[in-house]
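Dumped structure.txt below, it's compact mmCIF, C-alpha atoms:
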```txt
# COMPACT_ATOMS: atom_id res chain seq x y z
CA MET A 250 130.07 76.09 87.95
CA GLU A 251 130.77 72.36 87.82
CA GLU A 252 134.14 72.96 89.45
CA LEU A 253 132.46 75.02 92.18
CA ALA A 254 129.93 72.23 92.71
CA ARG A 255 132.79 69.78 93.22
CA VAL A 256 134.54 72.08 95.67
CA LEU A 257 131.29 72.61 97.59
CA GLN A 258 130.75 68.86 97.72
CA ARG A 259 134.24 68.34 99.14
CA ALA A 260 133.68 71.16 101.62
CA ALA A 261 130.45 69.53 102.72
CA GLU A 262 132.51 66.41 103.46
CA GLY A 263 134.86 68.47 105.62
CA ASP A 264 137.78 68.74 103.20
CA GLU A 265 139.97 71.58 104.50
CA ALA A 266 141.53 72.18 101.08
CA ALA A 267 138.03 72.82 99.74
CA TYR A 268 137.31 75.27 102.56
CA ARG A 269 140.51 77.05 101.74
CA ALA A 270 139.68 77.17 98.03
CA LEU A 271 136.31 78.74 98.81
CA TYR A 272 137.94 81.24 101.13
CA ARG A 273 140.54 82.17 98.53
CA GLY A 274 137.90 82.43 95.84
CA TYR A 275 135.33 84.50 97.68
CA ARG A 276 137.22 86.40 100.35
CA ARG A 277 137.71 89.36 98.03
CA GLY A 278 133.97 89.65 97.42
CA VAL A 279 133.15 89.58 101.12
CA VAL A 280 135.81 92.18 101.88
CA ARG A 281 134.50 94.32 99.04
CA LEU A 282 130.95 94.06 100.33
CA CYS A 283 132.15 95.27 103.74
CA ALA A 284 134.13 98.06 102.09
CA ALA A 285 130.86 99.83 101.29
CA PHE A 286 130.32 100.35 105.03
CA ALA A 287 132.70 103.16 105.84
CA ALA A 288 132.10 102.83 109.57
CA LEU A 289 133.81 99.42 109.65
CA ASP A 290 137.55 99.59 110.14
CA SER A 291 139.90 97.01 108.70
CA ASP A 292 139.96 94.88 111.88
CA GLU A 293 136.17 94.83 112.00
CA VAL A 294 136.04 93.84 108.34
CA GLU A 295 138.28 90.87 109.11
CA ASP A 296 135.95 89.88 111.96
CA VAL A 297 133.03 89.96 109.52
CA VAL A 298 135.01 87.88 107.01
CA GLN A 299 135.80 85.33 109.69
CA GLU A 300 132.23 85.06 110.97
CA THR A 301 130.86 84.85 107.43
CA PHE A 302 133.03 81.94 106.34
CA VAL A 303 132.68 80.04 109.60
CA ARG A 304 128.89 80.25 109.34
CA ALA A 305 128.90 79.34 105.66
CA PHE A 306 131.16 76.33 106.15
CA ARG A 307 128.95 74.97 108.89
CA ARG A 308 125.96 74.71 106.56
CA VAL A 309 127.47 74.43 103.12
CA GLY A 310 126.23 70.85 102.75
CA GLN A 311 122.64 72.04 102.70
CA LEU A 312 122.98 74.18 99.58
CA LYS A 313 120.60 73.22 96.83
CA GLU A 314 122.80 74.26 93.92
CA ALA A 315 126.28 75.65 93.41
CA LYS A 316 125.17 78.94 91.92
CA ALA A 317 123.33 79.72 95.13
CA PHE A 318 126.59 79.73 97.06
CA GLU A 319 127.76 83.24 96.20
CA PRO A 320 124.48 85.06 96.89
CA TRP A 321 124.03 83.07 100.08
CA LEU A 322 127.56 83.89 101.23
CA TYR A 323 126.97 87.58 100.57
CA ALA A 324 123.65 87.50 102.39
CA ILE A 325 125.47 86.13 105.44
CA ALA A 326 128.23 88.71 105.05
CA ARG A 327 125.75 91.59 104.82
CA ASN A 328 123.95 90.40 107.91
CA ARG A 329 127.22 90.01 109.82
CA ALA A 330 128.34 93.48 108.72
CA LEU A 331 125.07 95.03 109.84
CA THR A 332 125.37 93.23 113.17
CA ALA A 333 128.88 94.63 113.57
CA LEU A 334 127.55 98.11 112.82
CA GLU A 335 124.76 97.63 115.34
CA ARG A 336 127.35 96.73 117.95
CA LYS A 337 129.06 100.01 117.16
CA GLY A 338 125.77 101.85 117.35
CA THR A 339 126.03 103.04 113.75
CA ALA A 340 123.11 101.06 112.38
CA SER A 341 119.53 100.69 113.42
CA LYS A 342 118.41 97.41 114.86
CA ALA A 343 115.05 97.87 113.19
CA LYS A 344 115.03 95.52 110.27
CA ALA A 345 112.22 93.90 108.44
CA GLU A 346 113.20 90.26 108.63
CA LEU A 347 111.79 88.43 105.66
CA GLY A 348 114.04 85.45 105.83
CA ASN A 349 116.81 83.88 107.81
CA ASP A 350 120.13 84.53 106.10
CA GLU A 351 121.82 81.91 108.23
CA ALA A 352 119.70 79.24 106.61
CA PRO A 353 121.13 77.87 103.39
CA VAL A 354 119.48 78.72 100.12
CA THR A 355 117.47 75.59 99.61
CA GLN A 356 115.48 76.92 96.70
CA LEU A 357 116.74 77.17 93.15
CA ILE A 358 117.91 80.59 91.99
CA PRO A 359 115.16 82.05 89.78
CA ALA A 360 116.26 83.04 86.28
CA ALA A 361 115.55 86.70 87.05
CA LEU A 362 118.15 86.64 89.82
CA GLU A 363 120.85 84.67 88.03
CA LEU A 364 124.10 86.53 87.92
CA GLU A 365 124.22 87.55 84.27
CA ALA A 366 120.66 88.87 84.29
CA ALA A 367 121.22 90.68 87.57
CA VAL A 368 124.44 92.31 86.37
CA GLU A 369 122.55 93.59 83.34
CA VAL A 370 120.02 95.17 85.71
CA VAL A 371 122.82 96.94 87.56
CA ARG A 372 124.14 98.35 84.29
CA GLU A 373 120.65 99.57 83.37
CA VAL A 374 120.16 101.24 86.76
CA ILE A 375 123.49 103.05 86.50
CA ALA A 376 122.75 104.18 82.94
CA ALA A 377 119.34 105.50 83.98
CA LEU A 378 120.67 107.54 86.91
CA PRO A 379 121.03 111.27 86.31
CA ASP A 380 124.56 112.59 86.59
CA GLY A 381 125.24 113.50 90.19
CA PRO A 382 126.90 112.35 93.41
CA GLU A 383 125.05 109.03 93.64
CA LYS A 384 125.92 107.97 90.11
CA HIS A 385 129.49 109.13 90.54
CA THR A 386 129.90 107.25 93.82
CA ALA A 387 128.27 104.09 92.48
CA HIS A 388 130.57 104.20 89.47
CA LEU A 389 133.66 104.67 91.61
CA PHE A 390 132.78 101.89 94.00
CA TYR A 391 131.01 99.30 91.89
CA VAL A 392 132.28 99.83 88.35
CA GLU A 393 135.86 100.89 88.97
CA GLY A 394 135.85 98.59 91.98
CA GLU A 395 139.10 99.65 93.60
CA LEU A 396 138.43 102.30 96.24
CA ASN A 397 136.54 101.56 99.44
CA ALA A 398 133.94 103.91 100.90
CA ARG A 399 136.46 105.55 103.23
CA GLU A 400 138.86 106.22 100.37
CA ILE A 401 136.08 107.63 98.22
CA ALA A 402 135.05 109.93 101.07
CA GLU A 403 138.60 111.21 101.40
CA ARG A 404 138.98 111.67 97.68
CA GLU A 405 135.65 113.48 97.32
CA GLY A 406 136.07 115.51 100.49
CA VAL A 407 132.76 114.39 101.99
CA GLY A 408 131.83 112.52 105.14
CA LYS A 409 132.18 108.73 105.26
CA SER A 410 128.54 108.28 106.16
CA ALA A 411 127.50 110.25 103.07
CA ILE A 412 129.32 107.76 100.84
CA THR A 413 127.79 104.77 102.62
CA MET A 414 124.33 106.37 102.25
CA ARG A 415 124.83 106.94 98.52
CA LEU A 416 125.95 103.36 98.02
CA GLU A 417 123.04 102.01 100.04
CA ARG A 418 120.59 104.18 98.11
CA PHE A 419 121.99 102.93 94.83
CA ARG A 420 121.88 99.34 96.05
CA SER A 421 118.22 99.79 97.02
CA ARG A 422 117.39 100.93 93.49
CA VAL A 423 119.00 97.80 92.11
CA LYS A 424 117.20 95.68 94.66
CA ARG A 425 113.85 97.20 93.71
CA VAL A 426 114.38 96.49 90.02
CA LEU A 427 115.50 92.93 90.75
CA LEU A 428 112.43 92.43 92.92
CA ARG A 429 110.25 93.68 90.12
CA ARG A 430 111.94 91.33 87.61
CA LEU A 431 111.47 88.44 90.01
CA LEU A 432 107.80 89.30 90.43
CA GLU A 433 107.33 89.62 86.66
CA THR A 434 108.36 86.01 86.17
CA GLN A 435 105.99 84.94 88.93
CA TRP A 436 103.16 86.99 87.44
CA SER A 437 103.54 85.35 84.07
CA THR A 438 103.54 81.77 85.36
CA MET B 273 99.58 105.32 96.45
CA VAL B 274 100.60 102.08 98.16
CA HIS B 275 104.14 101.44 99.30
CA LEU B 276 106.06 98.42 100.43
CA ASN B 277 105.88 97.21 103.99
CA PRO B 278 106.70 93.77 105.44
CA GLU B 279 103.18 92.41 105.01
CA ARG B 280 102.73 93.67 101.45
CA LEU B 281 106.15 92.40 100.41
CA ALA B 282 105.37 88.97 101.82
CA ARG B 283 102.08 88.93 99.86
CA LEU B 284 103.84 90.09 96.71
CA LEU B 285 106.45 87.36 96.99
CA ALA B 286 103.77 84.75 97.58
CA ASP B 287 101.89 85.89 94.48
CA PRO B 288 102.27 89.34 92.87
CA ARG B 289 98.66 89.18 91.72
CA HIS B 290 97.67 89.73 95.34
CA GLU B 291 99.11 93.25 95.12
CA PRO B 292 98.54 94.41 91.52
CA GLU B 293 98.81 98.13 92.30
CA LEU B 294 102.06 97.68 94.18
CA PHE B 295 103.39 95.40 91.46
CA GLU B 296 102.88 98.19 88.91
CA HIS B 297 104.23 100.79 91.31
CA LEU B 298 107.53 98.92 91.64
CA ALA B 299 108.25 99.44 87.97
CA GLU B 300 109.07 103.04 88.82
CA GLY B 301 111.55 104.53 91.23
CA CYS B 302 110.05 105.27 94.64
CA GLU B 303 112.09 106.63 97.52
CA VAL B 304 109.66 105.26 100.10
CA CYS B 305 109.78 101.71 98.74
CA GLU B 306 113.53 101.83 98.18
CA ALA B 307 114.10 103.07 101.72
CA PHE B 308 112.05 100.14 102.93
CA LEU B 309 114.03 97.72 100.78
CA ALA B 310 117.26 99.11 102.22
CA THR B 311 116.32 97.69 105.61
CA ALA B 312 114.22 94.70 104.56
CA SER B 313 116.23 91.51 104.81
CA HIS B 314 115.51 88.91 102.14
CA PRO B 315 118.44 86.52 101.76
CA LEU B 316 117.86 85.54 98.15
CA LEU B 317 117.20 89.04 96.91
CA ASP B 318 119.93 90.60 99.02
CA GLY B 319 122.47 88.00 98.00
CA ALA B 320 121.61 88.27 94.31
CA THR B 321 121.79 92.08 94.52
CA ASP B 322 125.21 92.06 96.12
CA ALA B 323 126.54 89.33 93.82
CA ALA B 324 125.53 91.41 90.80
CA LEU B 325 126.92 94.66 92.20
CA LEU B 326 130.23 93.07 93.12
CA ALA B 327 130.51 91.23 89.82
CA LEU B 328 130.43 94.54 88.00
CA GLY B 329 133.80 95.67 89.30
CA ALA B 330 135.23 92.22 89.90
CA ARG B 331 137.74 92.45 87.10
CA ALA B 332 139.13 95.73 88.41
CA ALA B 333 139.09 94.46 91.97
CA ALA B 334 140.92 91.31 90.90
CA GLY B 335 143.84 93.48 89.85
CA ALA B 336 143.98 95.27 93.18
CA PRO B 337 146.74 94.22 95.56
CA VAL B 338 145.76 91.67 98.17
CA ASP B 339 146.99 91.89 101.72
CA GLU B 340 148.10 88.27 101.86
CA VAL B 341 149.32 88.52 105.43
CA ARG B 342 145.94 89.73 106.63
CA ALA B 343 144.10 87.19 104.49
CA GLU B 344 146.23 84.40 105.94
CA LYS B 345 145.67 85.61 109.50
CA THR B 346 141.93 85.55 109.04
CA TRP B 347 142.13 82.11 107.42
CA ARG B 348 143.91 80.80 110.49
CA ARG B 349 141.19 82.27 112.67
CA ILE B 350 138.52 80.60 110.52
CA ARG B 351 140.35 77.29 110.63
CA GLY B 352 140.81 77.63 114.37
CA ALA B 353 137.12 78.37 114.89
CA GLY B 354 136.30 75.07 113.14
CA GLY B 355 132.62 74.36 112.84
CA LYS B 356 131.71 76.11 116.01
CA GLY B 357 131.07 79.43 114.43
CA ALA B 358 132.40 81.45 117.29
CA PRO B 359 134.60 84.39 116.35
CA ARG B 360 137.98 83.60 117.77
CA TRP B 361 138.52 86.82 119.63
CA LEU B 362 135.02 87.75 120.53
CA VAL B 363 133.81 84.96 122.72
CA ALA B 364 131.37 86.45 125.16
CA LEU B 365 131.98 84.85 128.51
CA ALA B 366 130.79 87.59 130.78
CA ALA B 367 128.92 85.15 133.01
CA LEU B 368 132.19 83.58 133.95
CA LEU B 369 133.73 86.74 135.26
CA LEU B 370 133.07 85.76 138.83
CA ALA B 371 134.46 82.27 138.42
CA PHE B 372 137.96 83.18 139.25
CA VAL B 373 139.75 85.86 141.15
CA ALA B 374 143.34 86.72 140.76
CA VAL B 375 145.08 89.40 142.66
CA TRP B 376 148.37 90.88 141.79
CA ALA B 377 150.46 93.25 143.70
CA LEU B 378 151.11 96.58 142.12
CA ARG B 379 154.39 96.56 140.33
CA PRO B 380 156.54 99.23 141.93
CA ARG B 381 156.67 102.23 139.69
CA ASP B 382 160.03 102.74 138.11
CA ASP B 383 161.15 106.23 138.96
CA GLY B 384 164.66 105.78 137.67
CA GLY B 385 165.97 104.89 141.08
CA ALA B 386 166.84 108.48 141.84
CA GLY B 387 163.71 109.35 143.68
CA LEU B 388 162.80 112.00 141.14
CA LYS B 389 159.17 113.06 140.95
CA GLY B 390 157.19 114.24 137.95
CA GLY B 391 157.15 113.19 134.31
CA GLY B 392 153.60 111.80 134.60
CA PRO B 393 152.40 108.35 135.61
CA ARG B 394 153.72 105.27 133.83
CA LEU B 395 151.53 102.42 132.78
CA THR B 396 152.76 99.04 133.95
CA LEU B 397 151.03 95.79 133.08
CA GLU B 398 150.95 92.28 134.44
CA LEU B 399 148.98 89.43 132.93
CA GLN B 400 147.54 86.22 134.23
CA ALA B 401 146.18 83.41 132.03
CA VAL B 402 143.23 81.25 132.95
CA VAL B 403 141.95 78.39 130.81
CA ARG B 404 138.30 77.49 130.79
CA SER B 405 137.89 73.86 129.76
CA ALA B 406 134.99 72.49 127.75
CA ASP B 407 133.22 71.40 130.93
CA GLY B 408 133.42 74.94 132.29
CA ALA B 409 136.19 74.35 134.82
CA MET B 410 138.55 77.26 135.25
CA SER B 411 142.24 76.79 135.96
CA ARG B 412 144.98 79.31 136.38
CA VAL B 413 147.95 78.73 134.07
CA GLU B 414 151.48 79.49 135.15
CA ALA B 415 154.16 80.62 132.72
CA GLY B 416 155.22 77.85 130.37
CA GLN B 417 152.71 75.41 131.81
CA PRO B 418 151.47 72.79 129.29
CA VAL B 419 147.77 72.94 128.46
CA ALA B 420 145.58 70.79 126.22
CA PRO B 421 144.55 72.17 122.80
CA SER B 422 140.98 72.69 123.92
CA GLY B 423 139.11 75.20 125.96
CA THR B 424 139.37 78.94 125.98
CA LEU B 425 142.20 81.10 127.18
CA LEU B 426 141.15 84.15 129.16
CA ILE B 427 143.45 86.95 130.18
CA ARG B 428 143.26 89.03 133.32
CA TYR B 429 145.51 92.03 133.57
CA HIS B 430 146.61 94.43 136.22
CA ALA B 431 147.39 97.95 135.05
CA SER B 432 148.86 100.69 137.17
CA GLU B 433 147.18 103.37 135.06
CA SER B 434 144.50 103.62 132.40
CA GLY B 435 145.67 103.70 128.81
CA SER B 436 145.79 101.59 125.71
CA ALA B 437 147.91 98.64 124.70
CA LYS B 438 148.53 96.63 121.60
CA LEU B 439 147.28 93.05 121.80
CA VAL B 440 149.77 90.63 120.29
CA LEU B 441 149.63 86.88 119.80
CA LEU B 442 152.92 85.00 119.66
CA ARG B 443 153.16 81.55 118.12
CA GLY B 444 156.77 80.52 118.48
CA ALA B 445 158.68 83.21 116.62
CA GLN B 446 155.58 84.31 114.77
CA ARG B 447 153.94 87.56 115.86
CA GLU B 448 150.32 88.46 115.13
CA GLU B 449 148.96 91.88 116.08
CA LEU B 450 145.28 91.86 117.00
CA GLY B 451 144.61 95.56 117.34
CA SER B 452 144.57 97.74 120.39
CA VAL B 453 142.60 97.42 123.58
CA ALA B 454 141.79 99.94 126.25
CA VAL B 455 143.13 99.05 129.67
CA GLU B 456 141.86 100.46 132.92
CA ALA B 457 143.72 101.00 136.12
CA GLY B 458 143.35 98.06 138.48
CA THR B 459 142.69 94.39 137.84
CA HIS B 460 140.33 93.53 135.02
CA ASP B 461 139.51 90.86 132.50
CA LEU B 462 140.68 91.62 129.00
CA SER B 463 137.82 92.95 126.92
CA ARG B 464 137.13 95.08 123.92
CA ASP B 465 134.09 97.32 123.53
CA GLY B 466 132.55 95.75 126.59
CA THR B 467 132.94 92.20 125.33
CA LEU B 468 135.18 89.81 127.19
CA LEU B 469 137.94 88.49 124.99
CA GLY B 470 138.61 84.78 124.96
CA PHE B 471 140.99 82.84 122.79
CA SER B 472 140.08 79.39 121.59
CA LEU B 473 142.97 76.96 121.93
CA GLU B 474 141.57 74.56 119.38
CA GLY B 475 144.01 73.90 116.59
CA GLU B 476 146.89 75.43 118.49
CA HIS B 477 150.13 73.59 119.13
CA GLY B 478 153.40 74.54 120.73
CA ARG B 479 154.47 77.71 122.45
CA LEU B 480 151.73 80.32 122.59
CA GLY B 481 152.09 83.75 124.06
CA VAL B 482 149.69 86.64 124.58
CA ARG B 483 151.23 90.02 125.06
CA LEU B 484 149.91 93.48 125.87
CA GLU B 485 152.29 96.17 124.71
CA ALA B 486 151.91 99.65 126.16
CA VAL B 487 154.32 102.53 125.73
CA ASP B 488 155.96 102.00 129.09
CA SER B 489 155.46 98.35 129.76
CA THR B 490 154.79 94.96 128.25
CA GLY B 491 152.83 92.24 129.97
CA GLU B 492 153.00 88.71 128.63
CA VAL B 493 151.82 85.21 129.41
CA THR B 494 153.20 82.14 127.70
CA LEU B 495 151.92 78.61 127.71
CA GLU B 496 152.74 75.38 125.95
CA VAL B 497 149.84 73.87 124.04
CA ARG B 498 150.18 70.11 123.58
```

Please go through the file and, once you have read it, give me the structure as structure tokens.
Amino acid sequence: MEELARVLQRAAEGDEAAYRALYRGYRRGVVRLCAAFAALDSDEVEDVVQETFVRAFRRVGQLKEAKAFEPWLYAIARNRALTALERKGTASKAKAELGNDEAPVTQLIPAALELEAAVEVVREVIAALPDGPEKHTAHLFYVEGELNAREIAEREGVGKSAITMRLERFRSRVKRVLLRRLLETQWST
Amino acid sequence: MVHLNPERLARLLADPRHEPELFEHLAEGCEVCEAFLATASHPLLDGATDAALLALGARAAAGAPVDEVRAEKTWRRIRGAGGKGAPRWLVALAALLLAFVAVWALRPRDDGGAGLKGGGPRLTLELQAVVRSADGAMSRVEAGQPVAPSGTLLIRYHASESGSAKLVLLRGAQREELGSVAVEAGTHDLSRDGTLLGFSLEGEHGRLGVRLEAVDSTGEVTLEVR
């Protein structure tokens, strides 16, 4: 994390090598995030990647702490991907906006949302799911981590949108549990 | 039974004790609340959720092959976009459509010189480049003409028939394919999905060509950025 903090500092000063290091380090994650949206083709994914990093680099100097970088980057990427889907008419524009993902994360990451704790939540949610298509799809995409949603759809012989829906449903379960964990820490303070 | 909505979620996040029933409810799975969360945007929560999900399979994904060529192409586009944040190939400049008019004569259709009819129409293409400078001025660019590394390159094409063409960027001997575009018969500005395509010249240097490749014909413009 100290190394990331140094890279972020250099990026904030406009160092192109630092930008490149961040791109090399996090491109895969952004591409993978987009890979859950089967409606996006590979060219559209690259557009999302481009927009995500350009937006992140513009405001990287305002980050409060290095460990906020990855979640913030992914929040931008998700928003860009949804915007791309809206342009294609495959996603609803109706969204409950509870924050501006273009704004840097200026607050500290609460312990409940730190990566290790959050990963543990994901494992718990998967373990608690009954055997079925959602669990199978979530395992293929998130645990095995190699196939994209389109490839899973082809392999399973189901529609692409069905895979995206399963992944989104699973993600919403995880999000609910993380929200609850976050609220628990607030309740107890 | 209470479920999440934007107002309740905002109150919960401010202080969960404001919504004790909902706080308890969230300990259990609820399709209504999860459906709401699927569309509710909360940067911190969304980012943490995706970071955790992606971390789970990160080791496996790290072993997957990387398309280095594609990654490098996108990096160049990011670098070229600089701090402006504009996607390189999706600069919406529809308001400028009326700022210039270029007319081309129809290229005579090649019928093999034998006067034979039939075989279907052939798509022929001609391109014209126009650079829009930072102050909004538009100037037509002739083949090989030097231009400054600033502003936005716009392409107008004339097609004899409707069809599709591959959009290709040429930097010296380097060729970069940028997907396909639909072309319509007549003279039009190059666009994709209704959005005018513009190409930022920032960061470019040297010979730069834009080419539309159709089955029957290739249209190309070349300029010298310096």

What's the 8 Å shell around stretch 396-404 of chain A, counting all atoms listed in the file, without same-chain residues fewer than 3 positions away, as a PyMOL selection string? chain A and resi 281+284-287+386+389-390+393+407-409+411-413

Per-residue nearest contacts of chain B to chain A (8 Å; all atoms listed in the file) as JSON lines:
```
{"residue": "B:Pro278", "atom": "CA", "partner": "A:Ala345", "partner_atom": "CA", "distance": 6.3}
{"residue": "B:Ala282", "atom": "CA", "partner": "A:Leu347", "partner_atom": "CA", "distance": 7.5}
{"residue": "B:Leu284", "atom": "CA", "partner": "A:Leu432", "partner_atom": "CA", "distance": 7.5}
{"residue": "B:Leu285", "atom": "CA", "partner": "A:Leu432", "partner_atom": "CA", "distance": 7.0}
{"residue": "B:Asp287", "atom": "CA", "partner": "A:Gln435", "partner_atom": "CA", "distance": 7.0}
{"residue": "B:Pro288", "atom": "CA", "partner": "A:Trp436", "partner_atom": "CA", "distance": 6.0}
{"residue": "B:Arg289", "atom": "CA", "partner": "A:Trp436", "partner_atom": "CA", "distance": 6.6}
{"residue": "B:Phe295", "atom": "CA", "partner": "A:Arg429", "partner_atom": "CA", "distance": 7.2}
{"residue": "B:Leu298", "atom": "CA", "partner": "A:Arg429", "partner_atom": "CA", "distance": 6.1}
{"residue": "B:Ala299", "atom": "CA", "partner": "A:Arg429", "partner_atom": "CA", "distance": 6.5}
{"residue": "B:Gly301", "atom": "CA", "partner": "A:Arg422", "partner_atom": "CA", "distance": 7.2}
{"residue": "B:Cys305", "atom": "CA", "partner": "A:Arg425", "partner_atom": "CA", "distance": 7.9}
{"residue": "B:Glu306", "atom": "CA", "partner": "A:Ser421", "partner_atom": "CA", "distance": 5.2}
{"residue": "B:Ala307", "atom": "CA", "partner": "A:Ser421", "partner_atom": "CA", "distance": 7.1}
{"residue": "B:Leu309", "atom": "CA", "partner": "A:Ser421", "partner_atom": "CA", "distance": 6.0}
{"residue": "B:Ala310", "atom": "CA", "partner": "A:Ser421", "partner_atom": "CA", "distance": 5.3}
{"residue": "B:Thr311", "atom": "CA", "partner": "A:Lys344", "partner_atom": "CA", "distance": 5.3}
{"residue": "B:Ala312", "atom": "CA", "partner": "A:Ala345", "partner_atom": "CA", "distance": 4.4}
{"residue": "B:Ser313", "atom": "CA", "partner": "A:Glu346", "partner_atom": "CA", "distance": 5.0}
{"residue": "B:His314", "atom": "CA", "partner": "A:Leu347", "partner_atom": "CA", "distance": 5.1}
{"residue": "B:Pro315", "atom": "CA", "partner": "A:Asp350", "partner_atom": "CA", "distance": 5.1}
{"residue": "B:Leu316", "atom": "CA", "partner": "A:Pro320", "partner_atom": "CA", "distance": 6.8}
{"residue": "B:Leu317", "atom": "CA", "partner": "A:Lys424", "partner_atom": "CA", "distance": 7.0}
{"residue": "B:Asp318", "atom": "CA", "partner": "A:Ala324", "partner_atom": "CA", "distance": 5.9}
{"residue": "B:Gly319", "atom": "CA", "partner": "A:Pro320", "partner_atom": "CA", "distance": 3.7}
{"residue": "B:Ala320", "atom": "CA", "partner": "A:Pro320", "partner_atom": "CA", "distance": 5.0}
{"residue": "B:Thr321", "atom": "CA", "partner": "A:Lys424", "partner_atom": "CA", "distance": 5.8}
{"residue": "B:Asp322", "atom": "CA", "partner": "A:Tyr323", "partner_atom": "CA", "distance": 6.6}
{"residue": "B:Ala323", "atom": "CA", "partner": "A:Pro320", "partner_atom": "CA", "distance": 5.6}
{"residue": "B:Ala324", "atom": "CA", "partner": "A:Val368", "partner_atom": "CA", "distance": 4.7}
{"residue": "B:Leu325", "atom": "CA", "partner": "A:Tyr391", "partner_atom": "CA", "distance": 6.2}
{"residue": "B:Leu326", "atom": "CA", "partner": "A:Tyr391", "partner_atom": "CA", "distance": 6.4}
{"residue": "B:Ala327", "atom": "CA", "partner": "A:Val368", "partner_atom": "CA", "distance": 7.1}
{"residue": "B:Leu328", "atom": "CA", "partner": "A:Val392", "partner_atom": "CA", "distance": 5.6}
{"residue": "B:Gly329", "atom": "CA", "partner": "A:Gly394", "partner_atom": "CA", "distance": 4.5}
{"residue": "B:Ala330", "atom": "CA", "partner": "A:Gly394", "partner_atom": "CA", "distance": 6.7}
{"residue": "B:Ala332", "atom": "CA", "partner": "A:Gly394", "partner_atom": "CA", "distance": 5.6}
{"residue": "B:Ala333", "atom": "CA", "partner": "A:Gly394", "partner_atom": "CA", "distance": 5.2}
{"residue": "B:Ala336", "atom": "CA", "partner": "A:Glu395", "partner_atom": "CA", "distance": 6.6}
{"residue": "B:Thr346", "atom": "CA", "partner": "A:Gln299", "partner_atom": "CA", "distance": 6.2}
{"residue": "B:Trp347", "atom": "CA", "partner": "A:Gln299", "partner_atom": "CA", "distance": 7.5}
{"residue": "B:Arg349", "atom": "CA", "partner": "A:Gln299", "partner_atom": "CA", "distance": 6.9}
{"residue": "B:Ile350", "atom": "CA", "partner": "A:Gln299", "partner_atom": "CA", "distance": 5.5}
{"residue": "B:Ala353", "atom": "CA", "partner": "A:Val303", "partner_atom": "CA", "distance": 7.1}
{"residue": "B:Gly354", "atom": "CA", "partner": "A:Val303", "partner_atom": "CA", "distance": 7.1}
{"residue": "B:Gly355", "atom": "CA", "partner": "A:Arg307", "partner_atom": "CA", "distance": 5.4}
{"residue": "B:Lys356", "atom": "CA", "partner": "A:Val303", "partner_atom": "CA", "distance": 7.6}
{"residue": "B:Gly357", "atom": "CA", "partner": "A:Val303", "partner_atom": "CA", "distance": 5.1}
{"residue": "B:Ala358", "atom": "CA", "partner": "A:Glu300", "partner_atom": "CA", "distance": 7.3}
{"residue": "B:Pro359", "atom": "CA", "partner": "A:Glu300", "partner_atom": "CA", "distance": 5.9}
{"residue": "B:Leu450", "atom": "CA", "partner": "A:Asp292", "partner_atom": "CA", "distance": 8.0}
{"residue": "B:Gly451", "atom": "CA", "partner": "A:Asp292", "partner_atom": "CA", "distance": 7.2}
```

Determine, counting all atoms listed in the file, which protein, DNA and RNA residues have an atom within 6 Å of an atom of stretch 411-418 of chain B; residues of the same chain fewer than 4 positions away are not included. Present the result as a PyMOL selection string. chain B and resi 401-403+494-497

Considering only C-alpha atoms, can you say which of B:Leu442, B:Leu426, B:Leu276, B:Glu449 comes closest to B:Glu293?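 Closest candidate: B:Leu276.
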
Let me make sure I understand: among B:Val440, B:Val455, B:Val419, B:Val493, which one has the smallest atom-to-atom distance to B:Glu476 if we use only C-alpha atoms?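 Comparing B:Val440, B:Val455, B:Val419, B:Val493 against B:Glu476, the winner is B:Val419.
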
Expressed in Å to a single decimal, how great is the separation between atom CA of A:Ala288 and atom CA of A:Gly406?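 Spanning atom CA of A:Ala288 to atom CA of A:Gly406 is a straight-line distance of 16.1 Å.
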
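Here atom CA of B:Gln446 stands at a distance of 26.3 Å from atom CA of A:Asp264.
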
Between atom CA of A:Ala254 and atom CA of B:Arg348, what distance in Å does the model show, to one decimal?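 Rounded to one decimal, the two atoms are 24.2 Å apart.
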
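Distance annotation: of B:Asp339, B:Glu398, B:Glu279, B:Glu492, the residue with the minimal separation from B:Phe308 is B:Glu279; atom set is all atoms listed in the file.
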
With distances taken over only C-alpha atoms, which of B:Ser405, B:Thr424, B:Asn277, B:Thr396 is nearest to B:Leu473? B:Thr424

Nearest residue to B:Leu468 out of B:Glu456, B:Gly481, B:Ile427, B:Glu303, using only C-alpha atoms?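 Looking only at the distances to B:Leu468, the closest residue turns out to be B:Ile427.
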
Quick one: everything within 9 Å of stretch 250-253 of chain A, counting all atoms listed in the file, minus sequence neighbours fewer than 2 positions away in the same chain. Send it as number ranges by chain. A: 255-258, 271, 315-316, 318

Residue neighbourhood A:His385, 10 Å, all atoms listed in the file, exclusion window fewer than 6 positions, as a VMD selection string: chain A and resid 375 378 to 379 392 415
